[in-house]
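> Got coords36.cif for you, mmCIF, C-alpha atoms (C1' of nucleotides):
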data_protein
loop_
_atom_site.label_atom_id
_atom_site.label_comp_id
_atom_site.auth_asym_id
_atom_site.auth_seq_id
_atom_site.Cartn_x
_atom_site.Cartn_y
_atom_site.Cartn_z
CA MET A 1 80.06 -28.72 -29.00
CA ILE A 2 78.76 -26.64 -31.83
CA PHE A 3 75.97 -28.89 -33.00
CA THR A 4 73.71 -31.45 -31.37
CA THR A 5 72.79 -34.85 -32.70
CA LYS A 6 69.82 -33.24 -34.40
CA ALA A 7 72.24 -31.78 -36.88
CA GLU A 8 74.25 -34.99 -37.13
CA TYR A 9 71.24 -37.24 -37.68
CA GLY A 10 69.42 -34.71 -39.85
CA VAL A 11 72.33 -34.24 -42.20
CA ARG A 12 72.84 -37.98 -42.49
CA LEU A 13 69.18 -38.31 -43.28
CA MET A 14 69.43 -35.67 -45.97
CA VAL A 15 72.46 -37.36 -47.47
CA GLU A 16 70.59 -40.63 -47.55
CA LEU A 17 67.68 -38.96 -49.32
CA GLY A 18 70.17 -37.35 -51.64
CA ARG A 19 71.43 -40.75 -52.66
CA GLN A 20 67.91 -41.84 -53.57
CA SER A 21 67.31 -38.55 -55.29
CA GLY A 22 66.72 -40.09 -58.70
CA ALA A 23 64.39 -42.82 -57.51
CA ARG A 24 60.69 -42.57 -58.21
CA THR A 25 59.44 -43.96 -54.90
CA ALA A 26 59.82 -42.19 -51.59
CA THR A 27 62.18 -43.57 -48.96
CA SER A 28 60.69 -44.62 -45.65
CA LEU A 29 62.25 -43.54 -42.40
CA LYS A 30 62.45 -47.14 -41.32
CA VAL A 31 64.90 -47.96 -44.09
CA ILE A 32 67.05 -44.95 -43.27
CA ALA A 33 66.97 -45.65 -39.57
CA GLU A 34 68.18 -49.18 -40.14
CA SER A 35 70.86 -48.35 -42.67
CA GLU A 36 72.27 -45.57 -40.49
CA ALA A 37 71.61 -47.35 -37.19
CA LEU A 38 69.61 -44.46 -35.77
CA PRO A 39 66.53 -44.58 -33.50
CA LEU A 40 63.42 -44.41 -35.64
CA ALA A 41 61.20 -42.52 -33.21
CA TYR A 42 63.81 -39.83 -32.80
CA LEU A 43 64.29 -39.55 -36.56
CA GLU A 44 60.58 -38.88 -36.94
CA ARG A 45 60.89 -35.74 -34.87
CA ILE A 46 63.97 -34.63 -36.73
CA VAL A 47 62.52 -35.07 -40.17
CA ALA A 48 59.53 -33.01 -39.07
CA LEU A 49 61.88 -30.04 -38.75
CA LEU A 50 63.18 -30.58 -42.26
CA LYS A 51 59.66 -30.84 -43.62
CA LYS A 52 58.54 -27.68 -41.88
CA ALA A 53 61.45 -25.89 -43.51
CA GLY A 54 60.34 -27.16 -46.90
CA LEU A 55 63.46 -29.19 -47.50
CA VAL A 56 61.72 -32.55 -47.79
CA GLU A 57 58.28 -33.70 -48.89
CA SER A 58 56.35 -36.65 -47.56
CA THR A 59 53.70 -39.07 -48.71
CA ARG A 60 51.70 -40.80 -46.05
CA GLY A 61 50.27 -44.25 -45.86
CA ALA A 62 51.68 -47.56 -46.97
CA HIS A 63 54.70 -47.31 -49.25
CA GLY A 64 54.99 -43.70 -48.20
CA GLY A 65 58.11 -41.92 -47.17
CA TYR A 66 60.22 -38.86 -47.79
CA ARG A 67 62.03 -37.29 -50.71
CA LEU A 68 63.93 -34.07 -51.27
CA SER A 69 61.98 -31.03 -52.38
CA ARG A 70 64.87 -29.81 -54.49
CA SER A 71 67.84 -31.44 -56.12
CA PRO A 72 70.91 -31.94 -53.90
CA GLU A 73 72.85 -29.36 -55.91
CA GLU A 74 70.34 -26.71 -54.95
CA ILE A 75 70.42 -27.43 -51.23
CA THR A 76 73.04 -25.61 -49.21
CA MET A 77 73.81 -26.77 -45.71
CA ASP A 78 73.01 -23.48 -44.02
CA ASP A 79 69.34 -24.10 -44.77
CA VAL A 80 69.59 -27.63 -43.41
CA ILE A 81 71.43 -26.72 -40.23
CA LEU A 82 69.23 -23.73 -39.52
CA ALA A 83 66.15 -25.91 -39.92
CA LEU A 84 67.55 -28.49 -37.55
CA GLU A 85 69.21 -26.35 -34.90
CA GLY A 86 67.05 -23.26 -35.04
CA SER A 87 70.06 -20.99 -35.08
CA VAL A 88 73.84 -21.03 -35.05
CA ALA A 89 74.86 -18.63 -32.34
CA PRO A 90 78.28 -18.42 -30.69
CA MET A 91 76.71 -17.25 -27.44
CA ASN A 92 73.38 -16.87 -25.69
CA CYS A 93 73.20 -13.19 -26.33
CA PHE A 94 73.47 -13.70 -30.07
CA VAL A 95 70.09 -14.12 -31.68
CA ASP A 96 69.85 -14.91 -35.34
CA ASP A 97 67.15 -13.09 -37.14
CA THR A 98 64.97 -15.23 -39.36
CA ASP A 99 65.88 -13.40 -42.54
CA GLY A 100 69.48 -14.46 -42.21
CA SER A 101 70.96 -11.11 -41.27
CA SER A 102 72.08 -11.93 -37.80
CA ARG A 103 71.10 -9.28 -35.35
CA VAL A 104 73.04 -8.89 -32.19
CA LEU A 105 71.32 -8.62 -28.87
CA CYS A 106 73.89 -8.55 -26.14
CA SER A 107 72.49 -8.05 -22.69
CA HIS A 108 75.86 -7.01 -21.31
CA GLU A 109 76.07 -4.17 -23.74
CA ALA A 110 73.79 -1.77 -21.96
CA ASP A 111 74.99 -2.79 -18.53
CA ALA A 112 78.26 -1.17 -17.74
CA GLY A 113 78.02 1.53 -20.32
CA GLN A 114 80.85 -0.01 -22.25
CA GLY A 115 80.96 -2.04 -25.40
CA CYS A 116 80.64 -5.78 -25.36
CA ALA A 117 84.22 -6.99 -25.43
CA THR A 118 83.38 -10.26 -27.12
CA LYS A 119 81.08 -8.92 -29.81
CA LEU A 120 83.75 -8.59 -32.48
CA LEU A 121 85.00 -12.10 -31.87
CA TRP A 122 81.61 -13.78 -31.91
CA MET A 123 80.60 -11.95 -35.04
CA ARG A 124 83.64 -13.17 -36.86
CA VAL A 125 83.23 -16.74 -35.66
CA GLN A 126 79.58 -16.86 -36.61
CA GLY A 127 80.45 -15.41 -39.98
CA GLY A 128 83.05 -18.09 -40.48
CA VAL A 129 80.60 -20.87 -39.69
CA MET A 130 77.79 -19.53 -41.84
CA GLU A 131 80.18 -19.03 -44.70
CA LYS A 132 81.28 -22.65 -44.65
CA LEU A 133 77.70 -23.87 -44.39
CA GLN A 134 76.60 -21.77 -47.33
CA GLN A 135 79.51 -22.96 -49.43
CA THR A 136 78.67 -26.61 -48.92
CA THR A 137 75.91 -28.29 -50.91
CA LEU A 138 74.15 -31.53 -50.13
CA ALA A 139 75.41 -32.88 -53.44
CA GLU A 140 78.97 -32.48 -52.21
CA LEU A 141 78.27 -34.51 -49.10
CA VAL A 142 76.61 -37.23 -51.13
CA ALA A 143 79.59 -37.42 -53.44
CA PHE A 144 82.02 -37.35 -50.52
CA SER A 145 80.31 -40.15 -48.64
CA HIS A 146 80.34 -42.27 -51.76
CA ARG A 147 84.02 -41.69 -52.30
CA GLU A 148 84.75 -42.75 -48.74
CA ASN A 149 83.54 -46.26 -49.41
CA THR A 150 86.48 -47.12 -51.56
CA PRO A 151 89.64 -45.69 -49.98
CA PRO A 152 90.46 -42.65 -52.07
CA PRO A 153 93.98 -41.75 -53.18
CA THR A 154 93.80 -38.08 -52.20
CA GLU A 155 90.94 -37.27 -49.93
CA ARG A 156 92.42 -34.45 -47.93
CA GLU A 157 92.09 -31.92 -50.71
CA ASN A 158 88.33 -32.06 -50.33
CA LEU A 159 88.43 -30.97 -46.74
CA THR A 160 89.93 -27.59 -47.29
CA HIS A 161 87.62 -25.27 -49.08
CA ALA A 162 88.61 -22.60 -51.56
CA MET B 1 75.39 -22.56 -28.92
CA ILE B 2 78.99 -22.81 -29.96
CA PHE B 3 80.61 -21.56 -26.76
CA THR B 4 79.71 -21.67 -23.08
CA THR B 5 79.95 -18.82 -20.62
CA LYS B 6 83.45 -20.00 -19.81
CA ALA B 7 84.51 -18.55 -23.14
CA GLU B 8 82.41 -15.42 -22.70
CA TYR B 9 83.66 -14.65 -19.21
CA GLY B 10 87.18 -15.75 -19.91
CA VAL B 11 87.52 -13.53 -22.96
CA ARG B 12 86.09 -10.56 -21.09
CA LEU B 13 88.57 -11.22 -18.34
CA MET B 14 91.42 -11.30 -20.81
CA VAL B 15 90.24 -8.06 -22.40
CA GLU B 16 90.12 -6.45 -18.98
CA LEU B 17 93.67 -7.60 -18.28
CA GLY B 18 94.64 -6.36 -21.70
CA ARG B 19 93.43 -2.89 -20.77
CA GLN B 20 95.65 -2.92 -17.69
CA SER B 21 98.49 -4.33 -19.72
CA GLY B 22 100.78 -1.37 -19.14
CA ALA B 23 100.17 -1.12 -15.40
CA ARG B 24 102.83 -2.25 -12.98
CA THR B 25 100.52 -3.79 -10.38
CA ALA B 26 98.47 -6.92 -10.95
CA THR B 27 94.70 -6.72 -11.21
CA SER B 28 92.64 -8.62 -8.65
CA LEU B 29 89.76 -10.78 -9.71
CA LYS B 30 87.48 -8.89 -7.39
CA VAL B 31 87.92 -5.69 -9.36
CA ILE B 32 87.26 -7.46 -12.64
CA ALA B 33 84.26 -9.30 -11.27
CA GLU B 34 82.71 -6.06 -10.11
CA SER B 35 83.45 -4.05 -13.22
CA GLU B 36 82.07 -6.77 -15.49
CA ALA B 37 79.32 -7.84 -13.10
CA LEU B 38 80.42 -11.44 -13.07
CA PRO B 39 80.34 -13.95 -10.17
CA LEU B 40 83.73 -13.91 -8.44
CA ALA B 41 83.81 -17.55 -7.36
CA TYR B 42 83.09 -18.67 -10.88
CA LEU B 43 85.75 -16.37 -12.32
CA GLU B 44 88.31 -17.98 -10.06
CA ARG B 45 87.75 -21.32 -11.71
CA ILE B 46 87.86 -19.80 -15.15
CA VAL B 47 91.08 -17.89 -14.65
CA ALA B 48 92.67 -21.10 -13.42
CA LEU B 49 92.25 -22.48 -16.93
CA LEU B 50 93.97 -19.46 -18.41
CA LYS B 51 96.81 -19.77 -15.98
CA LYS B 52 97.29 -23.46 -16.66
CA ALA B 53 97.58 -22.59 -20.34
CA GLY B 54 100.26 -20.04 -19.53
CA LEU B 55 98.24 -17.08 -20.76
CA VAL B 56 98.19 -15.24 -17.44
CA GLU B 57 100.46 -15.04 -14.42
CA SER B 58 99.43 -14.55 -10.83
CA THR B 59 100.84 -13.18 -7.62
CA ARG B 60 99.27 -14.35 -4.40
CA GLY B 61 98.64 -12.57 -1.18
CA ALA B 62 97.52 -9.03 -0.46
CA HIS B 63 97.62 -6.69 -3.43
CA GLY B 64 98.05 -9.75 -5.61
CA GLY B 65 96.22 -10.49 -8.79
CA TYR B 66 96.66 -11.43 -12.40
CA ARG B 67 98.45 -10.04 -15.43
CA LEU B 68 99.01 -11.19 -19.00
CA SER B 69 102.05 -13.35 -19.70
CA ARG B 70 102.47 -11.81 -23.14
CA SER B 71 101.45 -8.56 -24.73
CA PRO B 72 97.91 -8.43 -26.16
CA GLU B 73 99.28 -8.24 -29.71
CA GLU B 74 100.93 -11.62 -29.26
CA ILE B 75 97.85 -13.38 -27.96
CA THR B 76 95.56 -14.93 -30.54
CA MET B 77 92.10 -16.00 -29.55
CA ASP B 78 92.46 -19.61 -30.57
CA ASP B 79 94.83 -20.08 -27.64
CA VAL B 80 92.39 -18.39 -25.31
CA ILE B 81 89.32 -20.30 -26.46
CA LEU B 82 91.11 -23.64 -26.50
CA ALA B 83 92.30 -23.02 -22.96
CA LEU B 84 88.80 -22.17 -21.82
CA GLU B 85 86.69 -24.67 -23.74
CA GLY B 86 89.17 -27.51 -24.06
CA SER B 87 88.31 -27.98 -27.70
CA VAL B 88 86.18 -26.57 -30.46
CA ALA B 89 84.45 -29.57 -31.93
CA PRO B 90 81.40 -29.48 -34.18
CA MET B 91 80.25 -32.87 -32.91
CA ASN B 92 80.93 -35.46 -30.22
CA CYS B 93 82.82 -37.71 -32.57
CA PHE B 94 85.30 -34.95 -33.37
CA VAL B 95 88.21 -34.95 -31.01
CA ASP B 96 90.78 -32.24 -31.28
CA ASP B 97 94.28 -33.36 -30.77
CA THR B 98 96.31 -31.27 -28.39
CA ASP B 99 98.89 -30.26 -30.97
CA GLY B 100 96.31 -28.42 -32.98
CA SER B 101 96.03 -30.81 -35.88
CA SER B 102 92.50 -31.96 -35.34
CA ARG B 103 92.20 -35.67 -35.56
CA VAL B 104 88.92 -37.19 -36.46
CA LEU B 105 87.50 -40.07 -34.53
CA CYS B 106 84.04 -40.82 -35.83
CA SER B 107 82.43 -43.85 -34.32
CA HIS B 108 79.92 -44.11 -37.13
CA GLU B 109 82.66 -44.45 -39.66
CA ALA B 110 83.48 -48.06 -39.02
CA ASP B 111 79.88 -49.06 -38.45
CA ALA B 112 78.11 -49.46 -41.73
CA GLY B 113 81.20 -49.81 -43.82
CA GLN B 114 80.50 -46.47 -45.44
CA GLY B 115 82.05 -43.07 -45.03
CA CYS B 116 80.82 -40.63 -42.45
CA ALA B 117 78.43 -38.44 -44.38
CA THR B 118 78.93 -35.44 -42.14
CA LYS B 119 82.71 -35.55 -41.91
CA LEU B 120 83.34 -33.15 -44.77
CA LEU B 121 80.88 -30.63 -43.39
CA TRP B 122 82.16 -30.70 -39.82
CA MET B 123 85.76 -30.40 -40.98
CA ARG B 124 84.95 -27.31 -42.96
CA VAL B 125 82.97 -25.71 -40.14
CA GLN B 126 85.68 -26.37 -37.60
CA GLY B 127 88.24 -24.99 -39.99
CA GLY B 128 86.18 -21.86 -40.43
CA VAL B 129 85.95 -21.30 -36.70
CA MET B 130 89.61 -21.92 -35.99
CA GLU B 131 90.57 -19.64 -38.82
CA LYS B 132 88.63 -16.74 -37.37
CA LEU B 133 89.98 -17.37 -33.90
CA GLN B 134 93.56 -17.42 -35.13
CA GLN B 135 93.06 -14.22 -37.07
CA THR B 136 91.84 -12.30 -34.04
CA THR B 137 94.24 -10.95 -31.44
CA LEU B 138 93.45 -9.84 -27.94
CA ALA B 139 94.74 -6.39 -28.84
CA GLU B 140 91.98 -6.08 -31.43
CA LEU B 141 89.31 -6.87 -28.88
CA VAL B 142 90.75 -4.35 -26.45
CA ALA B 143 90.73 -1.68 -29.11
CA PHE B 144 87.24 -2.62 -30.23
CA SER B 145 85.76 -2.48 -26.76
CA HIS B 146 87.30 0.93 -26.23
CA ARG B 147 85.86 2.29 -29.42
CA GLU B 148 82.43 1.09 -28.43
CA ASN B 149 82.34 3.39 -25.44
CA THR B 150 81.98 6.49 -27.54
CA PRO B 151 79.51 5.81 -30.35
CA PRO B 152 81.74 5.36 -33.40
CA PRO B 153 80.97 6.77 -36.84
CA THR B 154 81.58 3.56 -38.75
CA GLU B 155 81.79 0.52 -36.59
CA ARG B 156 80.47 -2.09 -38.97
CA GLU B 157 83.60 -2.26 -41.04
CA ASN B 158 85.38 -3.83 -38.12
CA LEU B 159 83.06 -6.78 -37.99
CA THR B 160 83.85 -8.19 -41.40
CA HIS B 161 87.27 -9.63 -41.60
CA ALA B 162 89.59 -9.64 -44.60
"C1'" DT C 1 40.21 -54.24 -44.21
"C1'" DT C 2 44.60 -54.67 -43.22
"C1'" DC C 3 49.04 -53.27 -42.88
"C1'" DA C 4 52.62 -49.93 -43.30
"C1'" DA C 5 53.74 -45.65 -43.16
"C1'" DT C 6 53.53 -40.63 -41.48
"C1'" DC C 7 52.16 -37.69 -37.75
"C1'" DC C 8 51.66 -35.87 -32.97
"C1'" DT C 9 51.82 -35.32 -28.00
"C1'" DA C 10 53.29 -36.49 -23.63
"C1'" DC C 11 56.67 -38.24 -20.79
"C1'" DC C 12 61.28 -39.19 -18.83
"C1'" DA C 13 66.36 -40.05 -17.48
"C1'" DA C 14 70.88 -38.31 -17.66
"C1'" DC C 15 74.19 -35.02 -18.37
"C1'" DG C 16 76.48 -30.82 -18.50
"C1'" DG C 17 76.38 -25.93 -17.63
"C1'" DG C 18 76.55 -22.53 -14.37
"C1'" DG C 19 77.08 -21.52 -10.50
"C1'" DT C 20 77.80 -21.57 -4.69
"C1'" DC C 21 80.29 -22.58 -0.32
"C1'" DG C 22 83.85 -23.18 2.76
"C1'" DG C 23 88.20 -23.39 3.67
"C1'" DA C 24 93.31 -23.46 3.18
"C1'" DG C 25 97.64 -21.39 1.79
"C1'" DA C 26 100.45 -16.68 0.46
"C1'" DT C 27 101.81 -12.03 1.54
"C1'" DG C 28 102.08 -7.19 2.11
"C1'" DA C 29 100.68 -3.55 5.45
"C1'" DA C 30 99.55 -1.84 10.15
"C1'" DT D 1 102.29 -10.50 14.85
"C1'" DT D 2 98.30 -10.06 13.35
"C1'" DC D 3 95.22 -8.96 10.03
"C1'" DA D 4 93.05 -7.99 5.67
"C1'" DT D 5 93.35 -9.47 1.13
"C1'" DC D 6 94.44 -12.27 -2.31
"C1'" DT D 7 94.95 -16.66 -4.91
"C1'" DC D 8 93.90 -21.51 -4.83
"C1'" DC D 9 91.12 -25.86 -4.46
"C1'" DG D 10 87.60 -29.33 -3.85
"C1'" DA D 11 82.95 -30.57 -2.92
"C1'" DC D 12 78.36 -29.70 -3.72
"C1'" DC D 13 73.95 -28.41 -6.08
"C1'" DC D 14 70.17 -26.65 -9.12
"C1'" DC D 15 68.23 -26.77 -13.43
"C1'" DG D 16 67.48 -26.64 -18.39
"C1'" DT D 17 68.44 -29.09 -22.44
"C1'" DT D 18 69.43 -33.18 -24.96
"C1'" DG D 19 68.35 -37.48 -26.49
"C1'" DG D 20 65.17 -40.78 -26.52
"C1'" DT D 21 60.69 -43.67 -25.48
"C1'" DA D 22 55.64 -44.77 -25.45
"C1'" DG D 23 51.52 -44.77 -27.38
"C1'" DG D 24 48.40 -43.59 -30.20
"C1'" DA D 25 45.83 -41.26 -34.27
"C1'" DT D 26 45.62 -40.66 -39.26
"C1'" DT D 27 46.42 -41.84 -44.01
"C1'" DG D 28 46.52 -44.58 -48.08
"C1'" DA D 29 48.00 -48.67 -51.12
"C1'" DA D 30 47.11 -53.51 -51.87
#
For this file, write the structure as C-alpha cells.

Amino acid sequence: MIFTTKAEYGVRLMVELGRQSGARTATSLKVIAESEALPLAYLERIVALLKKAGLVESTRGAHGGYRLSRSPEEITMDDVILALEGSVAPMNCFVDDTDGSSRVLCSHEADAGQGCATKLLWMRVQGGVMEKLQQTTLAELVAFSHRENTPPPTERENLTHA
Amino acid sequence: MIFTTKAEYGVRLMVELGRQSGARTATSLKVIAESEALPLAYLERIVALLKKAGLVESTRGAHGGYRLSRSPEEITMDDVILALEGSVAPMNCFVDDTDGSSRVLCSHEADAGQGCATKLLWMRVQGGVMEKLQQTTLAELVAFSHRENTPPPTERENLTHA
DNA sequence: TTCAATCCTACCAACGGGGTCGGAGATGAA
DNA sequence: TTCATCTCCGACCCCGTTGGTAGGATTGAA
C-alpha cells in the first residue's frame, strides 16, 4: 500500500473544501465528517497536518471551521500528500529532503562496498509518483468527483494523463 | 513506504542472480545471503514467491540453488515487484486484477451516491509507478550496480528516465 | 453565558511487517 | 551408504505503525 488513510481522508477533506471554495463561511469538520462518513476525531488530527502545511486556514469558536488558503487551481497534490504522509519514499532507506530534492540515504550502500542494486529502480518509481502528484491539481479532483455523480459518457480519458 | 523489504530483498536477489546469469551452476541462497548480508531464512520465503511466478528455477540437493528462467534483458521489474508484493495499490480500496488491468473497487463509491474523490489521483499514481516498473529491466539494474562499484564520472544521467 | 467549534494530549487495540525455528524432502560427493 | 548441503514448508513471535477513541481546554458568535 502506497498511502495510508491519512492521505485518503485528507484528500477527500480537501476536495470537500474545494467544493465550498466560493462560499463565504468556513466549513466545519462535523459537516465534512458526516457527508463523507469519516470519524470526526480522526479528521481533527488529519486537518491539523494540512493546517501546519499552510494549505487550509481555520476560524475557531461557534460557526467556525476550515477553508482553503489558496484556490483549488493553485493547489497541487504533491503538497497535499507530502503534508499528510510526511514523505513518499519507495523504501526505508529513501529519505525525502524537505526542499523537495529527494536525497538518497541507503544504508546498504556503504556495507558491501558495492552499489545499491535497487537505487536506480526506486529513484525512477519515486520520480514517477511525484510527477503524477505534481501534475494533478485539487481543482481537477473537484471537477472529477462532480462528474462522477451523473454517469459520464467518456470518463476513462481523464484517468490517463498527458 | 511504497514497498516492503520483500521487494528490496527480492530485487537484490534477482540482481545477484542476474550477475551469475552466464554461469553454468546454480547459485545457492546461502551465498547470496552472505554477500548481501540478508537473513537466509527470510530469503527462502522470498525466493519462493519468485519461483511461483516463474521468474527463477531451482535445483534441489547438494550444489543446488537458483537461476533465472529468462535472460535479464527479458525480465521487466513489474513482473518482479508484482510477484513479490502481490500488488501495487495506492490504497486499500484499489484491487489489482491479476491480468494487469487494474480494476477499481472503491467501497466509498457506492456510499454517499457521489464519485470517489480520490479515484482519479490514485489511478494516475498507480499508472506512474507501473510505467516506471515496466520500463526498467533487470539487465539495467545489473549494469547499474556494477557501475556503482567504481565511482562513475556521470552517474546521475542514469537516474532520470526518458 | 451558553453552545459550537477548533485544538491538544494521552491512550489503546489490531494488524502487518519482518523476521526465527525446526524439520522434512532431494541429491551429489566421499 | 552415509553424509553434507541444498531447497522446501509450516508454525510461531516480536514489535512498530496505523487507525481510532476519550477527554478535556480554549475560543468566539449569538
> Quick one: pull the distance between CA of Phe94 in chain B and CA of Ala83 in chain A, Å, one decimal.
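Those two atoms sit 22.2 Å apart.
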> If we count all atoms listed in the file, what is near DA11 in chain D at a cut-off of 12 Å, once residues fewer than 5 positions away on the same chain are taken out, given as an MDAnalysis selection string?
chainID C and resid 20:23
> May I have a table of the residues of chain C lying at most 10 Å from chain B, giving each one's closest pair of atoms and their distance in Å to one decimal, counting only C-alpha atoms (C1' of nucleotides), ordered by chain and ascending residue number, as a Markdown table?

| residue | atom | partner | partner_atom | distance |
| --- | --- | --- | --- | --- |
| C:DG17 | C1' | B:Thr4 | CA | 7.7 |
| C:DG18 | C1' | B:Thr5 | CA | 8.0 |
| C:DG19 | C1' | B:Tyr42 | CA | 6.7 |
| C:DT20 | C1' | B:Ala41 | CA | 7.7 |
| C:DC21 | C1' | B:Ala41 | CA | 9.3 |
| C:DG25 | C1' | B:Gly61 | CA | 9.4 |
| C:DA26 | C1' | B:Gly61 | CA | 4.8 |
| C:DT27 | C1' | B:Gly61 | CA | 4.2 |
| C:DG28 | C1' | B:Ala62 | CA | 5.5 |
| C:DA29 | C1' | B:Ala62 | CA | 8.7 |
> To test your reading of the syntax: which residues would the PyMOL selection byres ((chain C and resi 8-10) around 10) return for the file shown? Reply as a compact mmCIF listing (two decimals) with C-alpha atoms (C1' of nucleotides), in the coordinates of the input.

# COMPACT_ATOMS: atom_id res chain seq x y z
CA ARG A 45 60.89 -35.74 -34.87
C1' DT C 6 53.53 -40.63 -41.48
C1' DC C 7 52.16 -37.69 -37.75
C1' DC C 11 56.67 -38.24 -20.79
C1' DC C 12 61.28 -39.19 -18.83
C1' DA D 22 55.64 -44.77 -25.45
C1' DG D 23 51.52 -44.77 -27.38
C1' DG D 24 48.40 -43.59 -30.20
C1' DA D 25 45.83 -41.26 -34.27
C1' DT D 26 45.62 -40.66 -39.26
> Using only C-alpha atoms, find the one residue out of B:Leu133, B:Leu121, B:Cys93, B:Val80 that sits nearest to Arg12 in chain B.
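Smallest distance to Arg12 in chain B is found for B:Val80.
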> Mind pulling up the distance from C1' of DT18 in chain D to CA of Ala37 in chain A?
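Computing the Euclidean distance for CA of Ala37 in chain A and C1' of DT18 in chain D yields 18.8 Å.
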